[in-house]
>>> print(open('run-v4.txt').read())   # compact mmCIF, C-alpha atoms
# COMPACT_ATOMS: atom_id res chain seq x y z
CA LEU A 12 6.38 -5.14 25.70
CA GLN A 13 6.25 -5.55 29.49
CA HIS A 14 2.48 -4.87 29.41
CA TYR A 15 2.16 -7.46 26.63
CA PHE A 16 3.81 -10.17 28.70
CA ILE A 17 1.67 -9.29 31.72
CA GLN A 18 -1.47 -9.59 29.60
CA SER A 19 -0.19 -12.88 28.22
CA ASN A 20 0.13 -14.31 31.68
CA LEU A 21 -3.37 -13.13 32.59
CA ARG A 22 -4.92 -14.49 29.39
CA MET A 23 -3.46 -17.92 28.83
CA LEU A 24 -4.04 -20.21 25.91
CA GLY A 25 -7.70 -20.93 26.39
CA GLU A 26 -9.33 -24.10 25.09
CA GLU A 27 -8.07 -24.07 21.49
CA THR A 28 -5.62 -26.97 21.32
CA THR A 29 -5.89 -28.70 17.94
CA THR A 30 -3.92 -27.69 14.87
CA ASP A 31 -7.15 -26.80 13.05
CA GLU A 32 -8.31 -24.53 15.88
CA LEU A 33 -4.93 -22.79 16.07
CA TYR A 34 -4.80 -22.36 12.29
CA GLU A 35 -8.26 -20.78 12.41
CA ILE A 36 -6.92 -18.22 14.91
CA LEU A 37 -3.97 -17.44 12.64
CA CYS A 38 -6.31 -16.75 9.72
CA ASP A 39 -8.71 -14.52 11.68
CA THR A 40 -7.29 -11.05 12.41
CA GLU A 41 -9.55 -10.37 15.37
CA LYS A 42 -8.99 -13.77 16.97
CA LEU A 43 -5.26 -13.36 16.50
CA LYS A 44 -5.25 -9.96 18.21
CA ASN A 45 -6.99 -11.45 21.22
CA TYR A 46 -4.86 -14.60 21.40
CA HIS A 47 -2.02 -14.25 23.90
CA GLY A 48 0.07 -17.38 24.01
CA PHE A 49 3.16 -15.66 25.36
CA GLY A 50 2.50 -16.82 28.90
CA LYS A 51 3.82 -20.13 27.59
CA LEU A 52 7.29 -18.60 27.33
CA MET A 53 7.70 -18.51 31.09
CA GLN A 54 6.53 -22.11 31.36
CA MET A 55 9.09 -23.07 28.71
CA GLY A 56 11.93 -21.44 30.65
CA LEU A 57 12.42 -18.05 28.95
CA ALA A 58 14.21 -16.38 31.86
CA LYS A 59 15.67 -19.52 33.43
CA ASN A 60 17.50 -20.88 30.39
CA MET A 61 18.64 -17.69 28.60
CA THR A 62 22.41 -17.24 28.97
CA PHE A 63 24.67 -14.65 27.33
CA TYR A 64 27.92 -15.95 25.81
CA GLN A 65 30.92 -13.93 24.66
CA GLU A 66 31.64 -16.78 22.25
CA LEU A 67 28.90 -18.86 20.63
CA PRO A 68 29.64 -22.14 18.82
CA TYR A 69 28.67 -20.83 15.40
CA ASP A 70 29.23 -24.08 13.51
CA ASP A 71 27.30 -26.24 16.00
CA ILE A 72 24.36 -23.84 15.95
CA LYS A 73 24.46 -23.61 12.15
CA GLU A 74 24.33 -27.41 11.99
CA PHE A 75 21.33 -27.48 14.34
CA ILE A 76 19.48 -24.86 12.29
CA GLU A 77 20.12 -26.84 9.09
CA GLU A 78 18.81 -30.05 10.70
CA GLU A 79 15.64 -28.21 11.71
CA ARG A 80 15.23 -26.74 8.23
CA VAL A 81 15.49 -30.12 6.54
CA SER A 82 13.10 -31.75 9.04
CA PHE A 83 10.54 -28.97 8.65
CA LEU A 84 10.58 -28.89 4.84
CA SER A 85 10.33 -32.68 4.64
CA ARG A 86 6.85 -32.41 6.18
CA ILE A 87 5.46 -30.16 3.43
CA PRO A 88 4.43 -31.30 -0.07
CA LYS A 89 6.98 -30.09 -2.63
CA ASP A 90 4.34 -28.39 -4.77
CA ILE A 91 3.36 -26.16 -1.84
CA VAL A 92 7.00 -25.35 -1.10
CA GLU A 93 7.48 -24.29 -4.72
CA LYS A 94 4.18 -22.43 -5.06
CA GLU A 95 4.78 -20.40 -1.91
CA GLY A 96 8.48 -19.85 -2.65
CA LEU A 97 8.95 -21.04 0.91
CA LYS A 98 12.17 -19.77 2.48
CA TRP A 99 13.94 -20.63 5.73
CA GLU A 100 16.47 -18.05 6.97
CA HIS A 101 18.75 -18.26 10.01
CA VAL A 102 18.78 -14.81 11.66
CA GLY A 103 19.71 -13.16 14.95
CA SER A 104 23.05 -13.17 16.77
CA THR A 105 23.61 -16.90 16.27
CA SER A 106 23.61 -16.33 12.49
CA ILE A 107 26.51 -13.83 12.74
CA LYS A 108 29.90 -15.49 13.02
CA GLY A 109 31.80 -14.31 16.09
CA MET A 110 28.88 -12.29 17.50
CA PRO A 111 28.31 -12.67 21.26
CA GLY A 112 24.74 -13.29 22.31
CA THR A 113 22.29 -15.58 24.01
CA ASN A 114 21.96 -19.29 23.33
CA PHE A 115 18.43 -18.78 21.91
CA PRO A 116 18.58 -19.13 18.09
CA ASP A 117 16.11 -17.56 15.65
CA ALA A 118 14.91 -18.36 12.15
CA LEU A 119 12.45 -16.98 9.63
CA VAL A 120 9.91 -19.05 7.72
CA LEU A 121 8.78 -16.92 4.79
CA TYR A 122 5.85 -17.54 2.45
CA LYS A 123 4.15 -15.56 -0.34
CA ASN A 124 0.45 -15.22 0.33
CA PHE A 125 -1.69 -14.79 3.44
CA PRO A 126 -3.16 -16.93 4.78
CA PRO A 127 -0.37 -19.47 4.38
CA PRO A 128 -1.38 -23.02 3.44
CA ARG A 129 -2.47 -25.07 6.40
CA GLU A 130 0.21 -27.65 5.52
CA ILE A 131 2.98 -25.16 6.36
CA PHE A 132 1.38 -24.25 9.68
CA ALA A 133 0.85 -27.93 10.52
CA ALA A 134 4.49 -28.73 9.67
CA LEU A 135 5.66 -26.30 12.36
CA ILE A 136 3.32 -27.85 14.94
CA ASP A 137 4.40 -31.35 13.89
CA SER A 138 8.04 -30.26 14.26
CA GLY A 139 7.42 -29.62 17.95
CA PHE A 140 6.86 -25.86 17.89
CA THR A 141 4.34 -24.10 20.11
CA PHE A 142 2.16 -21.46 18.43
CA LEU A 143 2.47 -18.24 20.45
CA GLY A 144 0.42 -15.94 18.24
CA ALA A 145 1.33 -12.42 17.12
CA GLY A 146 4.58 -10.97 18.41
CA PRO A 147 4.68 -7.86 20.61
CA MET A 148 5.92 -5.53 17.86
CA ASP A 149 3.49 -6.29 15.03
CA THR A 150 0.38 -8.43 14.69
CA GLN A 151 1.74 -9.79 11.39
CA ASP A 152 4.87 -11.13 13.10
CA ILE A 153 3.75 -14.63 14.06
CA TRP A 154 5.89 -16.47 16.60
CA PHE A 155 6.48 -20.16 17.23
CA MET A 156 8.82 -21.51 19.91
CA LYS A 157 10.19 -24.85 21.04
CA LYS A 158 12.60 -26.08 23.68
CA ILE A 159 15.77 -27.62 22.28
CA ASP A 160 16.88 -31.07 23.35
CA ARG A 161 20.56 -31.29 22.36
CA GLU A 162 22.62 -32.95 25.07
CA GLY A 163 26.18 -31.65 25.40
CA SER A 164 25.44 -28.40 23.55
CA ILE A 165 24.88 -24.92 24.97
CA LEU A 166 21.61 -25.10 23.04
CA ASP A 167 20.28 -27.83 25.33
CA GLN A 168 17.08 -26.56 27.02
CA ALA A 169 17.34 -23.23 25.18
CA LEU A 170 14.36 -21.93 23.20
CA PHE A 171 14.29 -21.81 19.40
CA LYS A 172 12.08 -19.07 17.94
CA ILE A 173 10.50 -18.99 14.49
CA HIS A 174 9.15 -15.79 12.93
CA PHE A 175 6.42 -16.92 10.51
CA ASN A 176 6.03 -14.08 8.01
CA GLN A 177 5.20 -13.11 4.45
CA ARG A 178 8.31 -12.64 2.34
CA ASP A 179 7.99 -8.85 2.04
CA PHE A 180 7.35 -8.30 5.76
CA LYS A 181 9.46 -5.43 7.13
CA ILE A 182 10.65 -7.14 10.32
CA ALA A 183 11.85 -10.13 8.29
CA GLN A 184 13.69 -7.89 5.83
CA MET A 185 15.33 -6.00 8.67
CA LEU A 186 16.48 -9.15 10.47
CA MET A 187 18.11 -10.46 7.31
CA GLU A 188 19.82 -7.15 6.54
CA VAL A 189 21.22 -6.82 10.08
CA ARG A 190 22.64 -10.35 9.73
CA ASP A 191 24.17 -9.64 6.33
CA ARG A 192 25.57 -6.25 7.33
CA CYS A 193 27.26 -7.69 10.42
CA ASN A 194 28.67 -10.64 8.50
CA ASN A 195 30.11 -8.43 5.76
CA ASN A 196 31.00 -5.12 7.40
CA ALA A 197 33.46 -4.90 10.30
CA GLU A 198 32.18 -1.50 11.45
CA ASP A 199 28.58 -2.70 11.69
CA PHE A 200 29.74 -5.87 13.47
CA GLU A 201 31.71 -3.94 16.08
CA ASP A 202 28.89 -1.44 16.66
CA TYR A 203 26.37 -4.19 17.35
CA ARG A 204 28.85 -6.33 19.32
CA SER A 205 29.84 -3.54 21.71
CA VAL A 206 26.25 -2.48 22.39
CA LYS A 207 25.15 -6.08 23.02
CA CYS A 208 27.95 -6.66 25.52
CA ILE A 209 26.91 -3.59 27.51
CA ALA A 210 23.22 -4.55 27.28
CA ALA A 211 23.99 -8.08 28.51
CA LYS A 212 24.61 -6.76 32.04
CA ASN A 213 20.82 -6.65 32.39
CA LEU A 214 20.55 -10.40 31.87
CA GLY A 215 22.50 -11.04 35.05
CA ASP A 216 19.50 -9.69 36.94
CA GLY A 217 17.02 -11.50 34.71
CA GLN A 218 15.92 -8.23 33.08
CA ILE A 219 15.21 -9.53 29.59
CA ILE A 220 13.14 -6.50 28.59
CA GLU A 221 15.91 -4.11 29.69
CA TYR A 222 18.39 -6.14 27.65
CA LYS A 223 16.20 -5.75 24.56
CA LYS A 224 15.83 -2.01 25.17
CA ALA A 225 19.57 -1.46 25.62
CA LYS A 226 20.39 -3.21 22.32
CA ASN A 227 18.49 -0.50 20.48
CA ALA A 228 21.34 1.91 21.22
CA SER A 229 23.15 0.27 18.29
CA LYS A 230 23.66 2.70 15.41
CA LEU A 231 23.01 -0.15 12.99
CA LEU A 232 19.66 -1.01 14.57
CA GLN A 233 18.64 2.64 14.62
CA GLU A 234 19.53 2.95 10.94
CA MET A 235 17.54 -0.19 10.11
CA GLN A 236 14.49 0.97 12.07
CA THR A 237 14.52 4.26 10.16
CA LYS A 238 14.98 2.50 6.81
CA TYR A 239 12.11 0.09 7.43
CA GLU A 240 9.91 2.76 9.06
CA MET A 241 9.70 0.93 12.34
CA ASN A 242 9.21 2.59 15.70
CA ILE A 243 10.09 -0.10 18.20
CA LYS A 244 8.95 0.66 21.72
CA LEU A 245 9.75 -1.83 24.46
>>> encode(input="run-v4.txt", output="structure tokens")
Amino acid sequence: LQHYFIQSNLRMLGEETTTDELYEILCDTEKLKNYHGFGKLMQMGLAKNMTFYQELPYDDIKEFIEEERVSFLSRIPKDIVEKEGLKWEHVGSTSIKGMPGTNFPDALVLYKNFPPPREIFAALIDSGFTFLGAGPMDTQDIWFMKKIDREGSILDQALFKIHFNQRDFKIAQMLMEVRDRCNNNAEDFEDYRSVKCIAAKNLGDGQIIEYKKAKNASKLLQEMQTKYEMNIKL
């Protein structure tokens, strides 16, 4: 992952700026592999604005996520939403009531068939998201990010990440199961909570990658990675 971010900083966005040009990259496997938009994360304040909280305002964040969902879906023709079985899922620590974590929320946008309709891609761009390209774990895990403007909230100036995936994608399935397990099983919740609190010490030094690595000590995450045949190396 560290190498990925270094490469992203060396190979910035290039000249492709229009929605059509970015959509063409998404639909072309080779172009997508060679597109590193993650240098944008540092410009958007990845390290500067990420803060770990022992208590997150679950209801406020849930309300924000719902507002974003409604705004996003309103930009897509209803027939496309229905045809693609388009789903929006709140995931990550902010989707788990009582879970400590950072103020950076996450959501999934799930569709049926690749490539997704251009209208869905364009709706994310029109909603203010920046296309970052393929995530560091899997070239099928497409990331979008935007800075949140929500005065008076801990979300203000935080970054909101979208995973743009097909509905049967393993990473998406794992993120939803971790959420559901933690929300419905006290043992899973406590396992993940305790590991995250220890891992958070790395954020005090700005070591985001070390924080991500340390979270993988969770028994729940190890179980999920085995179940979904994922070998996550950071």
>>> closest_residue(input="run-v4.txt", among="A:Leu143, A:Ile131, A:Leu231, A:Val102", to="Asp199 (chain A)", atoms="only C-alpha atoms")
A:Leu231
>>> closest_residue(input="run-v4.txt", among="A:Glu35, A:Asp137, A:Glu100, A:Glu95", to="Phe83 (chain A)", atoms="only C-alpha atoms")
A:Asp137
>>> closest_residue(input="run-v4.txt", among="A:Phe142, A:Ile159, A:Lys223, A:Asp117", to="His101 (chain A)", atoms="only C-alpha atoms")
A:Asp117
>>> closest_residue(input="run-v4.txt", among="A:Ile136, A:Ile87, A:Ile165, A:Pro128", to="Pro68 (chain A)", atoms="all atoms listed in the file")
A:Ile165
>>> atom_distance(input="run-v4.txt", atom1="CA of Ile153 (chain A)", atom2="CA of Asn176 (chain A)")
6.5 Å
>>> axis_aligned_box(input="run-v4.txt", around="region 194-197 of chain A", padding_each_side="6 Å", output="AutoDock Vina command-line options")
--center_x 31.1 --center_y -7.8 --center_z 8.0 --size_x 16.8 --size_y 17.7 --size_z 16.5
>>> atom_distance(input="run-v4.txt", atom1="CA of Pro111 (chain A)", atom2="CA of Glu198 (chain A)")
15.4 Å
>>> closest_atom_pairs(input="run-v4.txt", of="region 70-110 of chain A", to="region 183-191 of chain A", cutoff="7 Å", atoms="only C-alpha atoms", output="JSON lines")
{"residue": "A:Val102", "atom": "CA", "partner": "A:Met187", "partner_atom": "CA", "distance": 6.2}
{"residue": "A:Gly103", "atom": "CA", "partner": "A:Arg190", "partner_atom": "CA", "distance": 6.6}
{"residue": "A:Ser106", "atom": "CA", "partner": "A:Arg190", "partner_atom": "CA", "distance": 6.7}
{"residue": "A:Ile107", "atom": "CA", "partner": "A:Arg190", "partner_atom": "CA", "distance": 6.0}
>>> residues_around(input="run-v4.txt", residues="Phe63 (chain A)", least_positions_apart="2", cutoff="7 Å", atoms="all atoms listed in the file", output="PyMOL selection string")
chain A and resi 61+65+112-114+211
>>> closest_residue(input="run-v4.txt", among="A:Lys108, A:Glu32, A:Leu166, A:Thr62", to="Lys212 (chain A)", atoms="only C-alpha atoms")
A:Thr62
>>> atom_distance(input="run-v4.txt", atom1="CA of Ser85 (chain A)", atom2="CA of Ala133 (chain A)")
12.1 Å
>>> closest_residue(input="run-v4.txt", among="A:Gly96, A:Pro147, A:Gly163, A:Pro88", to="Ile220 (chain A)", atoms="all atoms listed in the file")
A:Pro147
>>> decode(input="run-v4.txt", residues="region 73-172 of chain A", atoms="C-alpha atoms", output="mmCIF file, in the first residue's frame")
data_model
loop_
_atom_site.group_PDB
_atom_site.id
_atom_site.type_symbol
_atom_site.label_atom_id
_atom_site.label_comp_id
_atom_site.auth_asym_id
_atom_site.auth_seq_id
_atom_site.Cartn_x
_atom_site.Cartn_y
_atom_site.Cartn_z
ATOM 1 C CA LYS A 73 -26.295 8.308 9.523
ATOM 2 C CA GLU A 74 -28.317 11.403 8.610
ATOM 3 C CA PHE A 75 -25.469 12.706 6.435
ATOM 4 C CA ILE A 76 -25.120 9.362 4.638
ATOM 5 C CA GLU A 77 -28.867 9.281 3.950
ATOM 6 C CA GLU A 78 -28.791 12.826 2.537
ATOM 7 C CA GLU A 79 -25.967 11.801 0.212
ATOM 8 C CA ARG A 80 -27.826 8.662 -0.864
ATOM 9 C CA VAL A 81 -30.972 10.573 -1.757
ATOM 10 C CA SER A 82 -29.010 13.271 -3.625
ATOM 11 C CA PHE A 83 -27.021 10.693 -5.595
ATOM 12 C CA LEU A 84 -29.999 8.546 -6.606
ATOM 13 C CA SER A 85 -32.004 11.604 -7.650
ATOM 14 C CA ARG A 86 -29.458 12.172 -10.428
ATOM 15 C CA ILE A 87 -30.006 8.766 -12.062
ATOM 16 C CA PRO A 88 -32.996 7.792 -14.232
ATOM 17 C CA LYS A 89 -35.274 5.424 -12.317
ATOM 18 C CA ASP A 90 -35.193 2.793 -15.062
ATOM 19 C CA ILE A 91 -31.407 2.513 -14.722
ATOM 20 C CA VAL A 92 -31.657 2.287 -10.927
ATOM 21 C CA GLU A 93 -34.138 -0.573 -11.289
ATOM 22 C CA LYS A 94 -32.329 -2.359 -14.115
ATOM 23 C CA GLU A 95 -29.014 -2.330 -12.262
ATOM 24 C CA GLY A 96 -30.584 -3.147 -8.890
ATOM 25 C CA LEU A 97 -28.546 -0.198 -7.686
ATOM 26 C CA LYS A 98 -27.762 -0.358 -3.972
ATOM 27 C CA TRP A 99 -26.241 2.159 -1.563
ATOM 28 C CA GLU A 100 -24.819 0.713 1.671
ATOM 29 C CA HIS A 101 -23.308 2.584 4.621
ATOM 30 C CA VAL A 102 -20.258 0.594 5.793
ATOM 31 C CA GLY A 103 -17.136 1.023 7.916
ATOM 32 C CA SER A 104 -16.854 2.069 11.559
ATOM 33 C CA THR A 105 -19.337 4.929 11.215
ATOM 34 C CA SER A 106 -22.032 2.383 10.261
ATOM 35 C CA ILE A 107 -21.550 0.468 13.554
ATOM 36 C CA LYS A 108 -23.347 2.059 16.487
ATOM 37 C CA GLY A 109 -20.967 2.773 19.366
ATOM 38 C CA MET A 110 -17.824 1.810 17.421
ATOM 39 C CA PRO A 111 -14.857 4.180 17.860
ATOM 40 C CA GLY A 112 -13.121 5.219 14.683
ATOM 41 C CA THR A 113 -12.108 8.036 12.404
ATOM 42 C CA ASN A 114 -14.415 10.763 11.166
ATOM 43 C CA PHE A 115 -14.068 9.520 7.555
ATOM 44 C CA PRO A 116 -17.307 7.723 6.552
ATOM 45 C CA ASP A 117 -17.589 5.039 3.860
ATOM 46 C CA ALA A 118 -20.355 3.784 1.595
ATOM 47 C CA LEU A 119 -20.795 1.220 -1.146
ATOM 48 C CA VAL A 120 -22.485 1.875 -4.474
ATOM 49 C CA LEU A 121 -23.324 -1.531 -5.936
ATOM 50 C CA TYR A 122 -24.481 -2.332 -9.468
ATOM 51 C CA LYS A 123 -25.093 -5.531 -11.457
ATOM 52 C CA ASN A 124 -23.122 -5.507 -14.682
ATOM 53 C CA PHE A 125 -19.714 -4.198 -15.735
ATOM 54 C CA PRO A 126 -19.240 -1.689 -17.161
ATOM 55 C CA PRO A 127 -21.810 0.262 -15.157
ATOM 56 C CA PRO A 128 -24.018 2.700 -17.068
ATOM 57 C CA ARG A 129 -22.351 6.025 -17.672
ATOM 58 C CA GLU A 130 -25.277 7.735 -15.907
ATOM 59 C CA ILE A 131 -24.295 6.154 -12.578
ATOM 60 C CA PHE A 132 -20.666 7.185 -12.969
ATOM 61 C CA ALA A 133 -21.693 10.710 -13.965
ATOM 62 C CA ALA A 134 -24.018 10.974 -10.942
ATOM 63 C CA LEU A 135 -21.059 10.423 -8.612
ATOM 64 C CA ILE A 136 -19.013 13.093 -10.393
ATOM 65 C CA ASP A 137 -21.994 15.472 -10.359
ATOM 66 C CA SER A 138 -22.390 14.808 -6.619
ATOM 67 C CA GLY A 139 -18.941 16.275 -6.049
ATOM 68 C CA PHE A 140 -16.882 13.092 -5.842
ATOM 69 C CA THR A 141 -13.369 12.798 -7.243
ATOM 70 C CA PHE A 142 -12.603 9.633 -9.234
ATOM 71 C CA LEU A 143 -9.471 8.047 -7.740
ATOM 72 C CA GLY A 144 -9.347 4.891 -9.834
ATOM 73 C CA ALA A 145 -8.743 1.341 -8.591
ATOM 74 C CA GLY A 146 -8.101 0.876 -4.888
ATOM 75 C CA PRO A 147 -4.820 -0.524 -3.566
ATOM 76 C CA MET A 148 -6.224 -3.965 -2.711
ATOM 77 C CA ASP A 149 -8.013 -4.907 -5.933
ATOM 78 C CA THR A 150 -8.302 -3.338 -9.376
ATOM 79 C CA GLN A 151 -12.065 -3.988 -9.294
ATOM 80 C CA ASP A 152 -12.473 -1.892 -6.138
ATOM 81 C CA ILE A 153 -13.118 1.554 -7.614
ATOM 82 C CA TRP A 154 -12.788 4.508 -5.255
ATOM 83 C CA PHE A 155 -14.367 7.947 -5.255
ATOM 84 C CA MET A 156 -13.744 10.574 -2.579
ATOM 85 C CA LYS A 157 -15.020 14.010 -1.634
ATOM 86 C CA LYS A 158 -14.392 16.514 1.124
ATOM 87 C CA ILE A 159 -17.373 17.083 3.401
ATOM 88 C CA ASP A 160 -18.665 20.577 4.066
ATOM 89 C CA ARG A 161 -20.814 20.263 7.201
ATOM 90 C CA GLU A 162 -20.231 23.160 9.565
ATOM 91 C CA GLY A 163 -20.532 22.306 13.258
ATOM 92 C CA SER A 164 -20.083 18.559 12.688
ATOM 93 C CA ILE A 165 -16.992 16.417 13.255
ATOM 94 C CA LEU A 166 -17.489 15.471 9.602
ATOM 95 C CA ASP A 167 -16.620 18.989 8.456
ATOM 96 C CA GLN A 168 -13.534 18.802 6.175
ATOM 97 C CA ALA A 169 -13.381 15.011 6.565
ATOM 98 C CA LEU A 170 -13.258 12.805 3.465
ATOM 99 C CA PHE A 171 -16.176 10.627 2.364
ATOM 100 C CA LYS A 172 -15.177 7.506 0.420
#
